[in-house]
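Student: Just dropping this structure here.
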Protein chains: 2
Amino acid sequence: MAVNIAVVGATGAVGEEFLRILETRKFPIKELRLLASRRSAGKKMQFRGADYTVQELSKHSFQGIKIALFSAGASISREYVPYAIESGAVCVDNSSAFRMDDDVPLVVPEVNPQEIAKHHGVIANPNCSTIQMVVALKPIHDAARIKRIVVSTYQAVSGAGLKAIDELQKETMSVLSGKEGFKRYLFPHQIAFNVLPQIPQNNAFLSNGYTSEELKMINETKKIMGDNSIRVTATTVRVPVVRGHSESVNVETEKKITAAEVKRLFSKAPGVTLMDDPANQVYPLATNAVGKDDVFVGRIREDESIANGINLWVVSDNLRKGAALNAIQIAEMLLCQTAG
Amino acid sequence: MAVNIAVVGATGAVGEEFLRILETRKFPIKELRLLASRRSAGKKMQFRGADYTVQELSKHSFQGIKIALFSAGASISREYVPYAIESGAVCVDNSSAFRMDDDVPLVVPEVNPQEIAKHHGVIANPNCSTIQMVVALKPIHDAARIKRIVVSTYQAVSGAGLKAIDELQKETMSVLSGKEGFKRYLFPHQIAFNVLPQIPQNNAFLSNGYTSEELKMINETKKIMGDNSIRVTATTVRVPVVRGHSESVNVETEKKITAAEVKRLFSKAPGVTLMDDPANQVYPLATNAVGKDDVFVGRIREDESIANGINLWVVSDNLRKGAALNAIQIAEMLLCQTAG
């Protein structure tokens, strides 16, 4: 049963990925409505071999829409999600606007699909760095109960949008050529050949010294896992990578679990590809994750500094599983529930 | 009192830095002898405005030498340090050859200078990523006793030598230009716009899944701090940065210590520059650490996932404090002790 779909923020990095994934997954679409800001309205985009014209987002944009995929930032979501709901659409929102609201499900289909049915018109898509971590940690939590997580991230610039990719490439070129005078317009410091311990780059730090990205990893992990007793600390860092987030994840569990057991769990976990063959220099890499659906896990080692500890290296395509794919998986489940 | 100095591995990335630092610190040198492999012998290098010719390293290279600075890899050190000692030189060895030997001091002058006097002809310079971490952690350990460290690193390619810098730059150019066919000769995977969770790049993983770099951080930290009860786990990662290692360090202490107290400690700690003004986007950055002597610390936050936890972001120039500078500081202390 094909439905009418709206994509809000169609011309952004995640918007482009929405179209690619809707196409390759043969999502049953009757009408596709591409929405964006006035600046991008009129732009043509391709979908299934046809041209689509991007329309300017307004409160009237959602008439007849069954599912609206939002990825245009929190303030746009806060303003337009209510109109979409009023028009009868269900929204899957990739922004942080509603994620921590008590009556809004925050869903990663491999972890807490049961939450989808509880929605009141909007389902929140978690933060990219959180999604890939919980996909990897869910099997460990089920088997040995996770008590504490210490995570440090290596996040690609595409998490900050298409402009960030452009800035990284241009600044890299400028550094390599030795020319002075490159004008940054997005990042507060050089990102070419450098790492920045601040995500997002334009956001004030919280009074406890954490960034909002770090707080998202802490709070969203508990909500998605449905376990407030999990303790999390995070340091989130931007690296000069175009696409694909990597994460160094240290986990303490209640029950002892060996590295061999963790590898067995991952070999059958949904959405996870085990890549752990160090003898052959096989481990997850951002460049290999690009365009792939799965979360890749490797470098699985027992942490010998505590009784029950595991270290992991977790990599995924931040624009796919970290954003567009996860949202579309949610939309697919919504369709099944409506059909059923 | 000027002395005769030999630099072994003079033409490498650390060797070049030795010369720069000996010059700027006005190290009292009578004769400077530059030594390297046959391949580099005959090469001219500049020091204090004069030309020096690199000589081929042999067992006879150390006659009359008072202090020999070694940075040519562990196998060269294992072979030639005994000849240097036999000739009456004291060796400061930047390789891993002797670091964990019980009768070899492993020294970071800000942390355990008292160990220098105990040498029997060789003093080991620790691993780069360990040096900057212990400089930052020593004041915290003294104030609140560190129980456990979870560290993830963001290490520059220059830690793998001049060839690694060359490969990063050439591969980056190749990726940006979209040309196929770039031939890697050092790293096992693409390092341009990617991160590699394997250091060193050419070294087999240990049976417990760790790399030798990770094991160095674990073992050397305990030895330098003189406290085997400190528990450490590490994930070491290469990032596409030319110079300057960054580290995300999570610390659990026995006594509660606040972020404000930690900042106070750092503001007066030797060898440390506190860079922690998030409101103005001030935090340590690899690009800012290049050519500087200090270890830069920022992003100081209490880790709310445990009772007594602190998160830090620690950055330093891996070729200076992480290698050449630390060795020369040791040599300076050797001179003082001899003079005194």
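Ligands are numbered from 1 in the order shown, chains are lettered A, B, ... in the order of the structure tokens, and residues start at 1 in each chain.
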Residues at most 10 Å from segment 42-56 of chain A, counting only C-alpha atoms, excluding those fewer than 3 positions away in the same chain, as a PyMOL selection string?
Tutor: chain A and resi 7-11+16+19-20+22-24+26+32-39+61
Student: Can you list, as a PyMOL selection string, all residues belonging to segment 66-302 of chain A that DSSP tags as alpha helix (DSSP H)?
Tutor: chain A and resi 74-86+128-144+162-177+212-225+259-267+286-289
Student: Would you list the contacts of Glu247 of chain A as a PDB file with C-alpha atoms, in the first residue's frame, taking every protein, DNA or RNA residue within 7 Å and counting only C-alpha atoms, but skipping same-chain residues closer than 4 positions in sequence?
Tutor:
ATOM      1  CA  VAL A 151      32.949   6.727  24.977  1.00  0.00           C
ATOM      2  CA  SER A 152      35.233   8.938  22.885  1.00  0.00           C
ATOM      3  CA  THR A 153      34.128   9.701  19.340  1.00  0.00           C
ATOM      4  CA  TYR A 154      35.870  10.395  16.025  1.00  0.00           C
ATOM      5  CA  TRP A 313      35.699   0.086  18.066  1.00  0.00           C
ATOM      6  CA  VAL A 314      32.356   0.983  16.477  1.00  0.00           C
ATOM      7  CA  VAL A 315      32.001   2.565  13.014  1.00  0.00           C
TER       8      VAL A 315
END
Student: Which residue out of B:Asn219, B:Gln198, B:Gln337, B:Thr273 has the minimum interatomic distance to chain A when only C-alpha atoms are used?
Tutor: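 Of B:Asn219, B:Gln198, B:Gln337, B:Thr273, the one nearest chain A, counting only C-alpha atoms, is B:Gln198.
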Student: Report as a PyMOL selection string the set of chain A residues whose atoms approach chain B to within 6 Å, with distances computed over only C-alpha atoms.
Tutor: chain A and resi 193-194+209+231-233+240-241+301+305
Student: Which parts of segment 71-311 of chain A does DSSP call strand (DSSP E) when run on the backbone here, written out as number ranges by chain?
Tutor: A: 90-93, 122-124, 146-154, 231-235, 245-253, 272-274, 295-302, 309-311
Student: Could you give me, as a ChimeraX atom specification, the residues within 10 Å of Ser71 of chain B, counting only C-alpha atoms and dropping anything in the same chain fewer than 2 positions from it?
Tutor: /B:7-15,18,36,68-69,73-74,76-77,92-96,125,323-324,327
Student: Restricting it to N, CA, C and O atoms, dump the selection as a JSON list (two decimals), in the first residue's frame.
Tutor:
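Saved the output as again33.json:
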[["chain", "number", "residue", "atom", "x", "y", "z"],
["B", 7, "VAL", "N", 73.98, 12.17, 18.06],
["B", 7, "VAL", "CA", 72.55, 11.97, 17.77],
["B", 7, "VAL", "C", 72.45, 10.79, 16.80],
["B", 7, "VAL", "O", 72.95, 10.86, 15.67],
["B", 8, "VAL", "N", 71.82, 9.73, 17.25],
["B", 8, "VAL", "CA", 71.66, 8.53, 16.42],
["B", 8, "VAL", "C", 70.26, 8.54, 15.80],
["B", 8, "VAL", "O", 69.26, 8.58, 16.53],
["B", 9, "GLY", "N", 70.22, 8.53, 14.49],
["B", 9, "GLY", "CA", 68.95, 8.69, 13.78],
["B", 9, "GLY", "C", 68.72, 10.16, 13.47],
["B", 9, "GLY", "O", 67.59, 10.65, 13.53],
["B", 10, "ALA", "N", 69.80, 10.85, 13.14],
["B", 10, "ALA", "CA", 69.75, 12.31, 13.01],
["B", 10, "ALA", "C", 68.83, 12.78, 11.89],
["B", 10, "ALA", "O", 68.28, 13.87, 11.95],
["B", 11, "THR", "N", 68.66, 11.95, 10.88],
["B", 11, "THR", "CA", 67.90, 12.40, 9.70],
["B", 11, "THR", "C", 66.41, 12.09, 9.78],
["B", 11, "THR", "O", 65.65, 12.43, 8.88],
["B", 12, "GLY", "N", 65.99, 11.45, 10.87],
["B", 12, "GLY", "CA", 64.57, 11.14, 11.02],
["B", 12, "GLY", "C", 63.77, 12.31, 11.55],
["B", 12, "GLY", "O", 64.32, 13.40, 11.80],
["B", 13, "ALA", "N", 62.46, 12.11, 11.72],
["B", 13, "ALA", "CA", 61.58, 13.19, 12.19],
["B", 13, "ALA", "C", 62.00, 13.65, 13.58],
["B", 13, "ALA", "O", 62.04, 14.85, 13.86],
["B", 14, "VAL", "N", 62.32, 12.70, 14.46],
["B", 14, "VAL", "CA", 62.75, 13.08, 15.81],
["B", 14, "VAL", "C", 64.17, 13.63, 15.78],
["B", 14, "VAL", "O", 64.49, 14.58, 16.50],
["B", 15, "GLY", "N", 65.02, 13.07, 14.92],
["B", 15, "GLY", "CA", 66.40, 13.54, 14.80],
["B", 15, "GLY", "C", 66.46, 15.02, 14.43],
["B", 15, "GLY", "O", 67.20, 15.81, 15.04],
["B", 18, "PHE", "N", 65.62, 16.97, 17.41],
["B", 18, "PHE", "CA", 66.75, 17.03, 18.35],
["B", 18, "PHE", "C", 67.61, 18.24, 18.05],
["B", 18, "PHE", "O", 67.96, 19.02, 18.93],
["B", 36, "ALA", "N", 73.67, 8.06, 11.44],
["B", 36, "ALA", "CA", 72.48, 7.48, 10.82],
["B", 36, "ALA", "C", 72.89, 6.23, 10.05],
["B", 36, "ALA", "O", 74.07, 5.83, 10.08],
["B", 68, "ALA", "N", 74.67, 10.22, 24.34],
["B", 68, "ALA", "CA", 74.19, 9.79, 23.02],
["B", 68, "ALA", "C", 72.67, 9.78, 23.04],
["B", 68, "ALA", "O", 72.06, 9.11, 23.88],
["B", 69, "LEU", "N", 72.07, 10.54, 22.12],
["B", 69, "LEU", "CA", 70.62, 10.59, 21.99],
["B", 69, "LEU", "C", 70.22, 9.63, 20.87],
["B", 69, "LEU", "O", 70.57, 9.86, 19.72],
["B", 73, "GLY", "N", 64.87, 3.60, 16.28],
["B", 73, "GLY", "CA", 64.15, 2.33, 16.38],
["B", 73, "GLY", "C", 64.77, 1.39, 17.39],
["B", 73, "GLY", "O", 65.95, 1.51, 17.74],
["B", 74, "ALA", "N", 63.97, 0.42, 17.84],
["B", 74, "ALA", "CA", 64.37, -0.46, 18.94],
["B", 74, "ALA", "C", 65.53, -1.37, 18.55],
["B", 74, "ALA", "O", 66.43, -1.63, 19.36],
["B", 76, "ILE", "N", 68.02, -0.92, 16.37],
["B", 76, "ILE", "CA", 69.27, -0.15, 16.37],
["B", 76, "ILE", "C", 69.73, 0.12, 17.81],
["B", 76, "ILE", "O", 70.91, -0.02, 18.14],
["B", 77, "SER", "N", 68.79, 0.49, 18.67],
["B", 77, "SER", "CA", 69.16, 0.77, 20.06],
["B", 77, "SER", "C", 69.71, -0.48, 20.73],
["B", 77, "SER", "O", 70.72, -0.43, 21.43],
["B", 92, "VAL", "N", 70.45, 8.32, 26.10],
["B", 92, "VAL", "CA", 69.03, 8.60, 26.31],
["B", 92, "VAL", "C", 68.34, 8.02, 25.09],
["B", 92, "VAL", "O", 68.53, 8.48, 23.97],
["B", 93, "ASP", "N", 67.54, 6.97, 25.33],
["B", 93, "ASP", "CA", 67.04, 6.16, 24.22],
["B", 93, "ASP", "C", 65.55, 6.37, 24.02],
["B", 93, "ASP", "O", 64.73, 6.08, 24.89],
["B", 94, "ASN", "N", 65.21, 6.86, 22.82],
["B", 94, "ASN", "CA", 63.81, 7.16, 22.52],
["B", 94, "ASN", "C", 63.05, 5.93, 22.05],
["B", 94, "ASN", "O", 61.85, 5.99, 21.81],
["B", 95, "SER", "N", 63.69, 4.79, 21.90],
["B", 95, "SER", "CA", 62.99, 3.59, 21.42],
["B", 95, "SER", "C", 62.38, 2.83, 22.59],
["B", 95, "SER", "O", 62.59, 3.16, 23.76],
["B", 96, "SER", "N", 61.66, 1.78, 22.25],
["B", 96, "SER", "CA", 61.03, 0.97, 23.30],
["B", 96, "SER", "C", 61.96, -0.14, 23.81],
["B", 96, "SER", "O", 61.59, -0.91, 24.68],
["B", 125, "ASN", "N", 63.50, 6.98, 27.21],
["B", 125, "ASN", "CA", 62.52, 8.04, 26.97],
["B", 125, "ASN", "C", 61.20, 7.32, 26.68],
["B", 125, "ASN", "O", 61.15, 6.45, 25.82],
["B", 323, "ALA", "N", 58.93, 13.30, 22.42],
["B", 323, "ALA", "CA", 60.14, 12.60, 21.96],
["B", 323, "ALA", "C", 61.40, 13.43, 22.25],
["B", 323, "ALA", "O", 62.02, 13.28, 23.30],
["B", 324, "ALA", "N", 61.76, 14.34, 21.32],
["B", 324, "ALA", "CA", 63.06, 15.00, 21.38],
["B", 324, "ALA", "C", 63.23, 15.88, 22.62],
["B", 324, "ALA", "O", 64.26, 15.83, 23.29],
["B", 327, "ALA", "N", 63.72, 13.91, 25.86],
["B", 327, "ALA", "CA", 65.06, 13.30, 25.91],
["B", 327, "ALA", "C", 66.12, 14.35, 26.25],
["B", 327, "ALA", "O", 67.04, 14.08, 27.03]]
Student: Atom CA of Thr253 of chain A and atom CA of Met275 of chain A are how many Å apart?
Tutor: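 Calculated distance between atom CA of Thr253 of chain A and atom CA of Met275 of chain A is 22.0 Å.
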